[in-house]
Each structure stands twice: as structure tokens, then as C-alpha cells.
>>> print(open('coords.txt').read())   # compact mmCIF, C-alpha atoms
# COMPACT_ATOMS: atom_id res chain seq x y z
CA MET A 128 27.19 -22.84 27.90
CA ARG A 129 23.94 -21.03 28.71
CA VAL A 130 22.53 -18.94 25.86
CA LEU A 131 19.58 -16.59 26.35
CA PHE A 132 17.50 -15.72 23.29
CA THR A 133 14.97 -12.90 23.34
CA THR A 134 12.46 -11.28 21.02
CA TRP A 135 9.39 -9.14 21.57
CA ALA A 136 7.21 -10.69 18.83
CA SER A 137 6.57 -14.10 17.35
CA GLY A 138 6.28 -14.76 13.64
CA ALA A 139 8.94 -13.15 11.47
CA HIS A 140 10.94 -12.06 14.54
CA LEU A 141 11.10 -15.55 16.01
CA VAL A 142 11.52 -17.65 12.84
CA PRO A 143 15.16 -16.70 12.03
CA MET A 144 16.26 -17.40 15.62
CA VAL A 145 14.96 -20.96 15.82
CA PRO A 146 17.61 -22.74 13.68
CA LEU A 147 20.51 -21.31 15.75
CA ALA A 148 18.75 -22.14 19.01
CA ARG A 149 18.16 -25.73 17.88
CA ALA A 150 21.75 -26.04 16.63
CA LEU A 151 23.04 -24.84 20.00
CA LEU A 152 20.89 -27.43 21.77
CA GLU A 153 22.19 -30.17 19.49
CA ALA A 154 25.74 -29.06 20.32
CA GLY A 155 25.03 -29.58 24.03
CA HIS A 156 24.39 -26.01 25.15
CA GLN A 157 21.49 -24.80 27.31
CA VAL A 158 18.97 -22.46 25.68
CA ARG A 159 16.12 -20.33 27.01
CA VAL A 160 13.92 -17.92 25.04
CA ALA A 161 12.72 -14.93 27.08
CA VAL A 162 9.63 -13.33 25.55
CA PRO A 163 6.52 -11.37 26.53
CA SER A 164 3.76 -13.67 27.72
CA GLU A 165 1.79 -13.38 24.46
CA CYS A 166 4.73 -14.95 22.55
CA ALA A 167 5.35 -17.89 24.89
CA ALA A 168 3.02 -20.33 23.10
CA ALA A 169 4.72 -19.67 19.74
CA VAL A 170 8.12 -20.41 21.31
CA ALA A 171 6.85 -23.61 22.91
CA ARG A 172 5.52 -24.82 19.54
CA THR A 173 9.07 -24.72 18.15
CA GLY A 174 10.24 -27.13 20.86
CA LEU A 175 12.25 -24.44 22.67
CA VAL A 176 11.79 -23.47 26.33
CA PRO A 177 10.04 -20.11 26.77
CA VAL A 178 10.52 -17.80 29.74
CA GLN A 179 7.71 -15.28 30.23
CA ILE A 180 8.87 -11.80 31.21
CA GLY A 181 5.52 -10.03 31.44
CA ALA A 182 3.06 -8.67 28.89
CA LEU A 183 3.56 -5.78 26.48
CA PRO A 184 0.88 -3.09 26.62
CA THR A 185 -0.96 -2.75 23.31
CA ALA A 186 -0.26 0.97 23.18
CA VAL A 187 3.49 0.26 23.31
CA VAL A 188 3.45 -2.28 20.48
CA ARG A 189 1.29 -0.24 18.07
CA PRO A 190 3.47 1.16 15.24
CA PRO A 191 3.43 4.93 14.69
CA ASP A 192 0.91 6.02 12.07
CA ALA A 193 3.64 7.54 9.89
CA ALA A 194 5.28 4.12 9.49
CA HIS A 195 2.15 2.53 7.98
CA ARG A 196 2.05 4.73 4.90
CA PRO A 197 5.29 6.69 4.64
CA ARG A 198 4.83 9.74 2.44
CA GLY A 199 7.16 11.13 -0.18
CA ILE A 200 9.88 9.47 -2.21
CA TRP A 201 12.47 7.56 -0.21
CA PRO A 202 15.81 6.65 -1.80
CA THR A 203 15.95 2.92 -2.49
CA ASP A 204 19.16 2.76 -0.42
CA TRP A 205 18.09 5.17 2.32
CA PRO A 206 19.59 3.16 5.26
CA VAL A 207 23.10 3.81 3.94
CA ARG A 208 22.42 7.41 2.86
CA PRO A 209 20.77 9.10 5.85
CA ALA A 210 22.04 12.50 4.68
CA ALA A 211 19.74 12.21 1.65
CA LEU A 212 16.61 12.04 3.83
CA THR A 213 14.40 15.02 4.58
CA PRO A 214 13.68 16.23 8.13
CA GLU A 215 10.18 14.73 7.83
CA GLN A 216 11.63 11.36 6.84
CA HIS A 217 14.06 11.44 9.74
CA GLY A 218 11.05 12.18 11.94
CA VAL A 219 9.39 8.96 10.73
CA LEU A 220 12.53 6.97 11.58
CA ARG A 221 12.77 8.66 14.98
CA ALA A 222 9.16 7.71 15.74
CA CYS A 223 9.92 4.07 14.81
CA GLY A 224 13.07 4.08 16.96
CA ASP A 225 11.27 5.60 19.95
CA ARG A 226 8.64 2.87 19.67
CA GLN A 227 11.33 0.17 19.83
CA VAL A 228 12.83 1.89 22.87
CA ARG A 229 9.42 1.82 24.59
CA ILE A 230 9.18 -1.90 23.87
CA ALA A 231 12.67 -2.38 25.34
CA GLU A 232 11.66 -0.42 28.45
CA ALA A 233 8.61 -2.67 28.90
CA MET A 234 10.77 -5.82 28.58
CA ALA A 235 13.95 -4.78 30.38
CA GLN A 236 12.99 -5.31 34.02
CA GLY A 237 11.78 -8.89 33.58
CA LEU A 238 14.51 -9.76 31.10
CA VAL A 239 17.37 -8.43 33.22
CA ALA A 240 15.95 -10.03 36.37
CA PHE A 241 15.82 -13.45 34.71
CA ALA A 242 19.27 -12.98 33.15
CA ARG A 243 20.81 -12.12 36.53
CA CYS A 244 19.23 -15.25 37.98
CA TRP A 245 20.07 -17.67 35.15
CA GLN A 246 23.47 -16.12 34.34
CA PRO A 247 23.73 -16.73 30.58
CA GLU A 248 27.14 -16.43 28.97
CA LEU A 249 25.68 -15.07 25.72
CA VAL A 250 22.54 -13.13 24.73
CA VAL A 251 21.04 -13.48 21.23
CA HIS A 252 18.29 -10.98 20.41
CA ASP A 253 16.32 -10.09 17.34
CA ALA A 254 17.36 -6.89 15.64
CA GLY A 255 14.42 -4.93 17.04
CA ALA A 256 14.65 -6.22 20.63
CA TYR A 257 16.94 -3.59 22.15
CA ALA A 258 16.29 -5.04 25.59
CA GLY A 259 18.63 -7.88 24.63
CA THR A 260 21.58 -5.50 24.34
CA VAL A 261 20.54 -3.94 27.64
CA ALA A 262 20.59 -7.35 29.37
CA ALA A 263 23.94 -8.29 27.84
CA GLY A 264 25.39 -4.95 28.95
CA ALA A 265 24.00 -5.36 32.46
CA LEU A 266 25.68 -8.78 32.78
CA GLY A 267 28.83 -7.91 30.86
CA VAL A 268 28.42 -10.77 28.36
CA PRO A 269 28.52 -10.75 24.54
CA ALA A 270 25.41 -9.80 22.57
CA VAL A 271 24.49 -11.14 19.14
CA GLY A 272 21.86 -9.46 16.98
CA GLN A 273 19.73 -11.68 14.75
CA LEU A 274 18.51 -10.02 11.55
CA TRP A 275 15.29 -11.32 10.01
CA GLY A 276 15.87 -10.78 6.28
CA SER A 277 16.03 -7.01 6.02
CA ALA A 278 18.25 -5.68 3.25
CA ALA A 279 19.98 -3.43 5.81
CA VAL A 280 21.21 -3.37 9.37
CA LEU A 281 18.70 -0.78 10.53
CA ARG A 282 20.03 1.26 13.44
CA LEU A 283 16.80 2.89 14.54
CA ASP A 284 18.26 3.07 18.06
CA ARG A 285 20.62 5.78 16.74
CA GLN A 286 19.87 9.41 16.05
CA ARG A 287 19.70 9.91 12.29
CA LEU A 288 20.69 6.21 11.89
CA GLU A 289 24.42 6.69 12.49
CA GLY A 290 24.65 9.19 15.34
CA PRO A 291 24.62 8.75 19.13
CA PRO A 292 22.00 6.56 20.83
CA LEU A 293 18.46 7.90 21.14
CA PRO A 294 18.09 9.70 24.48
CA GLY A 295 15.54 7.19 25.80
CA TYR A 296 17.75 4.27 24.86
CA ALA A 297 20.79 5.85 26.52
CA ARG A 298 18.78 6.38 29.72
CA LEU A 299 17.60 2.76 29.65
CA MET A 300 21.14 1.44 29.26
CA ARG A 301 22.44 3.58 32.12
CA ARG A 302 19.54 2.47 34.35
CA TYR A 303 20.90 -1.10 34.25
CA GLY A 304 24.56 -0.16 34.47
CA ALA A 305 25.29 -0.67 30.77
CA ASP A 306 27.30 1.56 28.48
CA PRO A 307 24.92 3.46 26.12
CA ALA A 308 27.51 3.10 23.34
CA ARG A 309 27.39 -0.70 23.65
CA GLU A 310 26.46 -2.48 20.41
CA PRO A 311 26.00 -6.14 19.48
CA ASP A 312 29.32 -7.92 19.07
CA LEU A 313 28.04 -9.69 15.96
CA TRP A 314 25.04 -9.60 13.62
CA LEU A 315 23.72 -12.83 12.09
CA ASP A 316 22.42 -11.99 8.62
CA PRO A 317 20.28 -14.40 6.55
CA CYS A 318 19.85 -11.90 3.69
CA PRO A 319 21.47 -13.14 0.45
CA PRO A 320 24.45 -10.91 -0.44
CA SER A 321 22.96 -9.63 -3.69
CA LEU A 322 19.99 -8.18 -1.76
CA ALA A 323 21.96 -6.82 1.22
CA LEU A 324 23.07 -3.21 1.52
CA PRO A 325 26.62 -2.54 2.79
CA SER A 326 27.17 -1.89 6.49
CA ARG A 327 30.05 -1.21 8.84
CA ALA A 328 28.52 -3.67 11.32
CA ARG A 329 30.22 -7.02 11.82
CA ARG A 330 27.93 -9.44 10.02
CA LEU A 331 28.03 -13.21 9.67
CA PRO A 332 26.05 -14.68 6.74
CA VAL A 333 23.75 -17.49 7.91
CA ARG A 334 21.52 -19.51 5.60
CA PHE A 335 17.80 -19.08 6.21
CA VAL A 336 16.19 -22.31 7.46
CA PRO A 337 12.37 -22.21 7.35
CA HIS A 338 10.30 -24.17 9.83
CA ASP A 339 6.67 -25.02 10.46
CA GLY A 340 6.46 -23.68 14.00
CA THR A 341 6.51 -27.27 15.29
CA PRO A 342 9.17 -29.20 17.23
CA PRO A 343 11.73 -30.92 14.98
CA ASP A 344 10.50 -34.41 15.89
CA GLU A 345 6.96 -33.71 14.74
CA THR A 346 5.69 -34.06 11.18
CA PRO A 347 2.75 -32.27 9.56
CA SER A 348 -0.63 -33.88 9.97
CA PRO A 349 -2.14 -35.65 6.93
CA TYR A 350 -4.36 -32.60 6.45
CA GLU A 351 -1.33 -30.28 6.39
CA ALA A 352 0.51 -32.65 4.06
CA ARG A 353 -2.42 -32.64 1.63
CA ARG A 354 -2.79 -28.86 1.80
CA ALA A 355 0.91 -28.11 1.46
CA GLY A 356 2.08 -30.91 -0.82
CA ALA A 357 2.41 -31.14 -4.56
CA HIS A 358 -1.28 -30.39 -5.15
CA PRO A 359 -2.46 -27.78 -2.64
CA GLY A 360 -6.14 -27.10 -2.80
CA HIS A 361 -7.32 -23.92 -4.47
CA LEU A 362 -8.79 -21.36 -2.12
CA GLY A 363 -10.45 -19.02 -4.58
CA HIS A 364 -13.93 -17.54 -4.62
CA PRO A 365 -16.88 -19.61 -5.83
CA GLY A 366 -17.58 -18.92 -9.46
CA HIS A 367 -13.95 -18.36 -10.42
CA PRO A 368 -12.30 -20.85 -12.77
CA GLY A 369 -10.01 -22.41 -10.17
CA HIS A 370 -12.52 -22.94 -7.38
CA PRO A 371 -12.75 -26.56 -6.10
CA GLY A 372 -15.01 -28.57 -8.36
CA ARG A 373 -14.24 -26.39 -11.40
CA HIS A 374 -11.67 -27.12 -14.11
CA THR A 375 -8.42 -25.18 -13.67
CA ALA A 376 -6.73 -24.03 -16.88
CA ALA A 377 -3.52 -25.75 -17.85
CA SER A 378 -0.14 -24.14 -18.42
CA ASN A 379 -0.08 -21.09 -20.66
CA GLY A 380 2.08 -23.04 -23.08
CA ARG A 381 5.22 -20.91 -22.76
CA ARG A 382 8.53 -22.69 -22.51
CA GLY A 383 10.61 -22.59 -19.34
CA PRO A 384 13.37 -20.04 -18.73
CA SER A 385 16.01 -22.44 -20.06
CA GLY A 386 14.07 -23.23 -23.21
CA GLY A 387 13.03 -26.64 -21.91
CA PRO A 388 9.59 -28.21 -22.14
CA ARG A 389 6.70 -26.32 -20.62
CA ARG A 390 5.53 -27.18 -17.12
CA SER A 391 2.49 -29.46 -17.09
CA GLY A 392 -0.53 -28.86 -14.92
CA PRO A 393 -2.00 -25.57 -13.72
CA VAL A 394 -0.11 -22.32 -13.43
CA ARG A 395 -0.05 -21.78 -9.69
CA VAL A 396 0.82 -18.60 -7.77
CA CYS A 397 0.83 -17.91 -4.06
CA ALA A 398 -0.57 -14.93 -2.17
CA ALA A 399 0.78 -14.47 1.37
CA TRP A 400 -0.29 -11.66 3.68
CA ASP A 401 0.69 -10.91 7.28
CA ASP A 402 -1.64 -8.07 8.29
CA ALA A 403 -4.70 -9.24 10.20
CA GLY A 404 -6.99 -7.19 7.95
CA GLY A 405 -5.89 -9.09 4.86
CA PRO A 406 -4.75 -7.69 1.52
CA PRO A 407 -5.90 -4.33 0.12
CA ASP A 408 -8.82 -4.35 -2.30
CA ALA A 409 -6.48 -3.82 -5.25
CA VAL A 410 -4.54 -6.98 -4.36
CA ARG A 411 -7.78 -8.96 -4.05
CA ALA A 412 -8.84 -7.64 -7.44
CA ALA A 413 -5.52 -8.71 -8.97
CA LEU A 414 -5.93 -12.24 -7.60
CA TRP A 415 -9.48 -12.47 -8.95
CA ALA A 416 -8.23 -11.29 -12.35
CA ALA A 417 -5.56 -13.99 -12.27
CA GLU A 418 -8.16 -16.63 -11.42
CA ALA A 419 -10.32 -15.42 -14.30
CA ARG A 420 -7.37 -16.20 -16.58
CA GLY A 421 -7.17 -19.76 -15.25
CA VAL A 422 -4.33 -19.20 -12.77
CA GLU A 423 -4.61 -21.20 -9.56
CA VAL A 424 -4.14 -18.93 -6.53
CA VAL A 425 -3.00 -20.52 -3.26
CA ARG A 426 -3.54 -18.27 -0.22
CA VAL A 427 -1.45 -18.24 2.97
CA GLY A 428 -1.91 -16.16 6.13
CA SER A 429 -4.60 -13.51 6.16
CA ALA A 430 -4.75 -13.68 2.36
CA ALA A 431 -6.82 -16.84 2.93
CA GLU A 432 -9.59 -14.49 4.11
CA GLY A 433 -11.27 -16.90 6.49
CA ARG A 434 -10.56 -20.09 4.54
CA PRO A 435 -8.09 -22.74 5.73
CA PRO A 436 -4.60 -21.61 4.71
CA ALA A 437 -2.77 -23.79 2.23
CA GLY A 438 -0.05 -24.67 4.74
CA PRO A 439 3.38 -23.38 5.78
CA LEU A 440 4.66 -21.00 3.11
CA HIS A 441 7.93 -22.82 2.48
CA ARG A 442 6.00 -26.04 1.74
CA VAL A 443 3.63 -24.32 -0.69
CA LEU A 444 6.15 -22.27 -2.68
CA PRO A 445 7.94 -25.10 -4.55
CA GLY A 446 4.71 -25.74 -6.46
CA CYS A 447 4.24 -22.07 -7.37
CA ARG A 448 5.62 -19.89 -10.16
CA ALA A 449 5.20 -16.52 -8.44
CA LEU A 450 4.49 -15.03 -5.02
CA LEU A 451 2.53 -11.88 -4.23
CA HIS A 452 3.15 -10.49 -0.74
CA GLN A 453 3.98 -7.44 1.42
CA GLY A 454 7.75 -7.71 1.45
CA GLY A 455 8.40 -9.03 4.96
CA GLY A 456 11.92 -10.39 5.45
CA ALA A 457 10.99 -13.98 6.30
CA VAL A 458 8.68 -14.23 3.27
CA VAL A 459 11.34 -12.75 0.97
CA LEU A 460 13.82 -15.34 2.23
CA ALA A 461 11.40 -18.26 1.88
CA ALA A 462 10.71 -17.29 -1.74
CA ALA A 463 14.41 -16.79 -2.41
CA MET A 464 15.13 -20.30 -1.10
CA ALA A 465 12.39 -21.66 -3.38
CA GLY A 466 13.60 -19.74 -6.45
CA VAL A 467 10.20 -18.08 -6.95
CA PRO A 468 9.81 -14.60 -8.55
CA GLN A 469 8.13 -12.11 -6.22
CA LEU A 470 5.62 -9.28 -6.61
CA VAL A 471 5.81 -7.02 -3.54
CA VAL A 472 3.06 -4.57 -2.62
CA ALA A 473 4.85 -2.86 0.23
CA PRO A 474 3.03 -0.91 2.96
CA ARG A 475 5.97 -0.07 5.24
CA LEU A 476 9.48 1.26 4.82
CA GLU A 477 11.33 -1.99 5.35
CA HIS A 478 8.93 -3.77 3.00
CA GLN A 479 9.61 -1.14 0.35
CA LEU A 480 13.33 -1.52 0.88
CA ASN A 481 13.13 -5.29 0.39
CA GLY A 482 10.95 -4.89 -2.69
CA ALA A 483 13.34 -2.40 -4.26
CA ARG A 484 16.29 -4.72 -3.70
CA LEU A 485 14.42 -7.65 -5.27
CA ALA A 486 13.55 -5.53 -8.29
CA ARG A 487 17.18 -4.43 -8.58
CA ALA A 488 18.27 -8.08 -8.60
CA GLY A 489 15.74 -8.81 -11.34
CA ALA A 490 13.96 -11.43 -9.21
CA GLY A 491 10.70 -9.53 -8.86
CA MET A 492 8.75 -6.29 -8.99
CA TYR A 493 7.53 -3.97 -6.28
CA LEU A 494 5.05 -1.18 -5.69
CA PRO A 495 4.50 0.93 -2.54
CA ALA A 496 1.07 0.13 -1.18
CA GLY A 497 0.45 3.84 -0.73
CA ALA A 498 0.43 4.22 -4.52
CA LEU A 499 -2.74 2.12 -4.76
CA ASP A 500 -6.07 3.91 -5.10
CA ALA A 501 -8.23 2.94 -2.13
CA THR A 502 -11.56 3.89 -3.77
CA ARG A 503 -13.65 1.06 -5.20
CA PRO A 504 -13.26 2.03 -8.89
CA GLY A 505 -9.60 2.88 -8.29
CA ALA A 506 -8.97 -0.45 -6.60
CA ARG A 507 -10.35 -2.33 -9.61
CA ALA A 508 -8.09 -0.39 -11.96
CA ALA A 509 -5.07 -0.82 -9.70
CA GLY A 510 -5.86 -4.53 -9.42
CA ALA A 511 -5.87 -4.86 -13.20
CA ARG A 512 -2.42 -3.26 -13.35
CA LEU A 513 -1.13 -5.54 -10.57
CA ALA A 514 -2.48 -8.54 -12.45
CA LEU A 515 -0.47 -7.47 -15.51
CA ASP A 516 2.66 -7.35 -13.32
CA LEU A 517 1.86 -10.82 -12.01
CA PHE A 518 1.41 -12.15 -15.55
CA ALA A 519 4.77 -10.59 -16.49
CA LEU A 520 6.45 -12.57 -13.71
CA LEU A 521 4.88 -15.73 -15.11
CA GLU A 522 5.58 -15.07 -18.77
CA GLN A 523 8.95 -13.29 -18.93
CA PRO A 524 11.76 -15.85 -18.42
CA SER A 525 14.22 -13.28 -17.00
CA TYR A 526 12.38 -13.17 -13.66
CA ALA A 527 12.54 -16.94 -13.19
CA VAL A 528 16.21 -16.98 -14.20
CA ALA A 529 17.07 -14.24 -11.67
CA ALA A 530 15.02 -15.97 -8.96
CA HIS A 531 16.97 -19.20 -9.49
CA VAL A 532 20.26 -17.29 -9.32
CA LEU A 533 19.07 -15.86 -6.00
CA ARG A 534 18.15 -19.36 -4.83
CA ARG A 535 21.64 -20.70 -5.55
CA GLU A 536 23.14 -17.77 -3.66
CA ALA A 537 20.85 -18.32 -0.65
CA LEU A 538 21.56 -22.06 -0.54
CA ALA A 539 25.31 -21.44 -0.67
CA MET A 540 25.29 -19.40 2.55
CA PRO A 541 26.78 -21.10 5.66
CA GLY A 542 24.33 -22.98 7.86
CA PRO A 543 23.47 -22.65 11.57
CA ASP A 544 26.33 -24.96 12.63
CA ASN A 545 28.80 -22.37 11.37
CA ALA A 546 26.97 -19.72 13.40
CA VAL A 547 27.25 -21.91 16.53
CA ARG A 548 31.01 -21.93 16.20
CA ALA A 549 31.11 -18.17 15.63
CA VAL A 550 28.91 -17.18 18.58
CA THR A 551 30.55 -19.55 21.04
CA ARG A 552 33.94 -18.08 20.17
CA LEU A 553 32.66 -14.71 21.41
CA THR A 554 32.57 -16.03 24.97
CA GLY A 555 36.28 -16.82 25.07
CA PRO A 556 38.52 -19.89 25.02
CA ALA A 557 36.91 -21.44 28.11
CA VAL A 558 33.88 -22.57 26.07
>>> encode(input="coords.txt", output="C-alpha cells")
Amino acid sequence: MRVLFTTWASGAHLVPMVPLARALLEAGHQVRVAVPSECAAAVARTGLVPVQIGALPTAVVRPPDAAHRPRGIWPTDWPVRPAALTPEQHGVLRACGDRQVRIAEAMAQGLVAFARCWQPELVVHDAGAYAGTVAAGALGVPAVGQLWGSAAVLRLDRQRLEGPPLPGYARLMRRYGADPAREPDLWLDPCPPSLALPSRARRLPVRFVPHDGTPPDETPSPYEARRAGAHPGHLGHPGHPGHPGRHTAASNGRRGPSGGPRRSGPVRVCAAWDDAGGPPDAVRAALWAAEARGVEVVRVGSAAEGRPPAGPLHRVLPGCRALLHQGGGAVVLAAAMAGVPQLVVAPRLEHQLNGARLARAGAGMYLPAGALDATRPGARAAGARLALDLFALLEQPSYAVAAHVLRREALAMPGPDNAVRAVTRLTGPAV
């Protein structure tokens, strides 16, 4: 069977799709991953075959300003209670949906042209790549939506989340001979059940499988193994207690969540940030405050601030006792699989949603990034408060207990092989 995968962005959009694609290959199926040209290298690094379908204009990809710092108070379960949202809040969601439609419009011509040539029997697309549903509708084959760790099945392609398709999306579907009412036949959902919001969509739980962005037959280099192993190097600022060459304070002496002996060695936390600009000043201040208390801070992504990152997040986390991050789905899932409590400083709506669900499960805390004071004195004060939250995650056993409960739940979810059987059944008995 030929299976066409598609996404419009690498990183968190691509990561959840890789395990299913590899499992399909191992089962003897043919797989191609159609992406904009700027994503092709990331696909190739996973060992999958990329198909370039053109470039996305920067103006199309840029998120609407309202989505960066959403104003007002949003219900913590807003995706399932659209009637509780204000007209302004619905306007923010409409702007986000229109942006995804513009991305789909930019992808559709190349994607549909390749699909008509290659003739896949199934299309798997990430939840924000509406062009995948367009291509499946144009060919009359099943479509499968791949969620990336969001607590909800976000239907931004719908008016007011549950109404008819957005006008631009309906026009795009009709342009390629597809029914505007067409929806994915199945959603693959890696979100642990205790974090997920209810949905009428047909969802299949699939265990999150992290990967390094390298083909399965490759192993990390010795440098990566040293950086991401049991003793990752500290990446703090010179002059702070944990900087290389300085003594790092030992455990704070508290007993583990089960009353067992305390953990030997340094107290280590991880800071992971996705935005190219790095963390806000308040987050930096919180990390410096933690270092001043003898906590070893391991930085991943743009949180490394120009230093070599510690290594792939899922390899770093098992040695850490807390994670501070933005609330992206793939990071939430990696920490859940590691059983690590999480402190989320959430800039965007989906990040805030994930943070609220983690806090509700008792496995972490969260704060909207918009609540932080951006002035220099305000950032120092906000950083001190964030540091107290971080220390609470380290010192209060309930957070570690809840994080380990979440880990057991995540590990118990069915693996990619189960998803292979489910998606191939969509194509009929001939498979």
C-alpha cells in the first residue's frame, strides 16, 4: 500500500508522524512525506523519503499577532465550550484558522499534483495541514489526522470551532473537487487520556515515541552521548555555582516521593525553549536564581542561548527532576514519558491549554507568558516568583507522584503497530 504523509512544518509537527511512517515501512508499505522545500532536510534526517512541493511564503506562515499574546481570560476547556468565548476570542481563533487555510492554499497545488501522480491509497496529515484533507478528498481516499500532543482536537477550520467550514477552506476543497464537509476518517492522538479533552471526533490513542531526528540505524555521536547521557554538562552562565569548573551543590536532602532514600548527586532541571528568540527575561532570571541555589540547569533548544544544547530532550529528561518550557505538545509528551514534573510558561493559546491540563492533573504548574512583566525590574521580580514555583516542583512530592502516574498512563497507550493495523483497515479488505 502507498501512504502519503504531509505536514507544513518540521519539529513538533513532524515528530509525532515519524513512528507511524517507520512502522508502515517495516510492515512492507511504501511511504512518502510531501512537505514544503524548507522541511525536506528534516524529513530526510529521519530516514524517510521527502517530496518537495514548493516553498511557503514567509508572510503566509507568520502567525497572527493576536495568537502570540491572547488577551483576556480564556476558559481552561475553551475548545469544548465555544459558546463561552467572547466575540473577540472567536476573532482570534478565526485569524488562526484563516492562517492555516492560507498555508493549505500554498501547499495544495503541489500536493494534489504529486498525489494524482503517485496515487496513494491513504493520506496521513498533521492536524494543522488542511491540504492533506484536500488531497485525500481530491483522490477519494481515506484521510488520517495526526495530532501532536494537544489536549484537544482543535477544529480551527470550522466557524466558531463546531460550525460549517471556513469560507476559504470550503472554496479550496471545491477547487479540487472535494466535499467541503469532508473530515479526516480517523485522528491519531498521542495525548495521555488524563490530559485530553473530550471530542466527538473518532480518535485512536497512540503512544508517543520520541526520536532524535536521525535514521533508526544511526546512533548518537560520542559527543551527543556525553552531552545527553547520565551526566550532561551544565550550560549555565560563568560565575554561577553550576558552571563547568565550579562545584555543583548536592541534593537538597529531601526524601523521594515514596519516602525512599534521597537522590544522590546534583539536583538537575531542564529548560527547553522553541522560539528562536529564546526565553523571556523572567524565565532567564528564574534559571539564574535556581543556579544560585545550587541547581544544575540543562538547556535545550533556544534556551541554550548560543551554547551547545545538551542533546535531544528525551535523552536529557531522565536525569532531570523538573522541566521548564513553553507548553508545546511534543515537549509535554516527552516529559510525560519521562515522568518529570513540568513548569509551563505559555505564550500561545494551545500552550496555555496544555499547561492548564497539566496543572489539573497535578503533574505541573503553568502561567500565561502574557502575565509576566516585560520591564527589567518586573522581569527580575517575576523570575523570582517563577523560581519559587520551580523549587515547589522539586520539593513537594505530590508533583513527582502525579508525574509518575502520568508516565504510567502514557506508556500504557498502544504503540505505532496498533495504529498501522487501524489505518490500513480504512482502505478496505483488499489491503
>>> residues_around(input="coords.txt", residues="segment 465-470 of chain A", least_positions_apart="6", cutoff="7 Å", atoms="all atoms listed in the file", output="list in words")
Leu444, Pro445, Arg448, Ala449, Leu450, Leu451, His452, Ala490, Gly491, Met492, Tyr493, Leu517, Leu520, Tyr526, Ala527, Ala530, His531, Leu533 and Arg534 of chain A
>>> closest_residue(input="coords.txt", among="A:Ala169, A:Val528, A:Val424, A:Ala539", to="Val394 of chain A", atoms="only C-alpha atoms")
A:Val424
>>> closest_residue(input="coords.txt", among="A:Gln273, A:Ser321, A:Asn481, A:Gln216", to="Pro146 of chain A", atoms="all atoms listed in the file")
A:Gln273
>>> atom_distance(input="coords.txt", atom1="atom CA of Ala514 of chain A", atom2="atom CA of Pro393 of chain A")
17.1 Å
>>> atom_distance(input="coords.txt", atom1="atom CA of Pro214 of chain A", atom2="atom CA of Leu476 of chain A")
15.9 Å
>>> residues_around(input="coords.txt", residues="Pro163 of chain A", least_positions_apart="2", cutoff="7 Å", atoms="all atoms listed in the file", output="ChimeraX atom specification")
/A:135,165-167,179-183
>>> atom_distance(input="coords.txt", atom1="atom CA of Val142 of chain A", atom2="atom CA of Val170 of chain A")
9.5 Å
>>> residues_around(input="coords.txt", residues="Leu147 of chain A", least_positions_apart="6", cutoff="8 Å", atoms="only C-alpha atoms", output="PyMOL selection string")
chain A and resi 543-544+546-547
>>> axis_aligned_box(input="coords.txt", around="segment 138-141 of chain A", padding_each_side="6 Å", output="AutoDock Vina command-line options")
--center_x 8.7 --center_y -13.8 --center_z 13.7 --size_x 16.8 --size_y 15.5 --size_z 16.5
>>> closest_residue(input="coords.txt", among="A:Val176, A:Ala430, A:Ala139, A:Val471", to="Ala457 of chain A", atoms="all atoms listed in the file")
A:Ala139
>>> decode(input="coords.txt", residues="segment 290-303 of chain A", atoms="C-alpha atoms", output="PDB file, in the first residue's frame")
ATOM      1  CA  GLY A 290     -19.889  25.158  12.701  1.00  0.00           C
ATOM      2  CA  PRO A 291     -19.555  24.899   8.915  1.00  0.00           C
ATOM      3  CA  PRO A 292     -16.133  25.075   7.230  1.00  0.00           C
ATOM      4  CA  LEU A 293     -14.434  28.462   6.968  1.00  0.00           C
ATOM      5  CA  PRO A 294     -15.362  30.071   3.631  1.00  0.00           C
ATOM      6  CA  GLY A 295     -11.782  29.968   2.333  1.00  0.00           C
ATOM      7  CA  TYR A 296     -11.438  26.304   3.241  1.00  0.00           C
ATOM      8  CA  ALA A 297     -14.736  25.426   1.554  1.00  0.00           C
ATOM      9  CA  ARG A 298     -13.601  27.211  -1.625  1.00  0.00           C
ATOM     10  CA  LEU A 299     -10.281  25.344  -1.561  1.00  0.00           C
ATOM     11  CA  MET A 300     -11.991  21.971  -1.206  1.00  0.00           C
ATOM     12  CA  ARG A 301     -14.382  22.693  -4.078  1.00  0.00           C
ATOM     13  CA  ARG A 302     -11.492  23.862  -6.275  1.00  0.00           C
ATOM     14  CA  TYR A 303     -10.072  20.312  -6.202  1.00  0.00           C
TER      15      TYR A 303
END
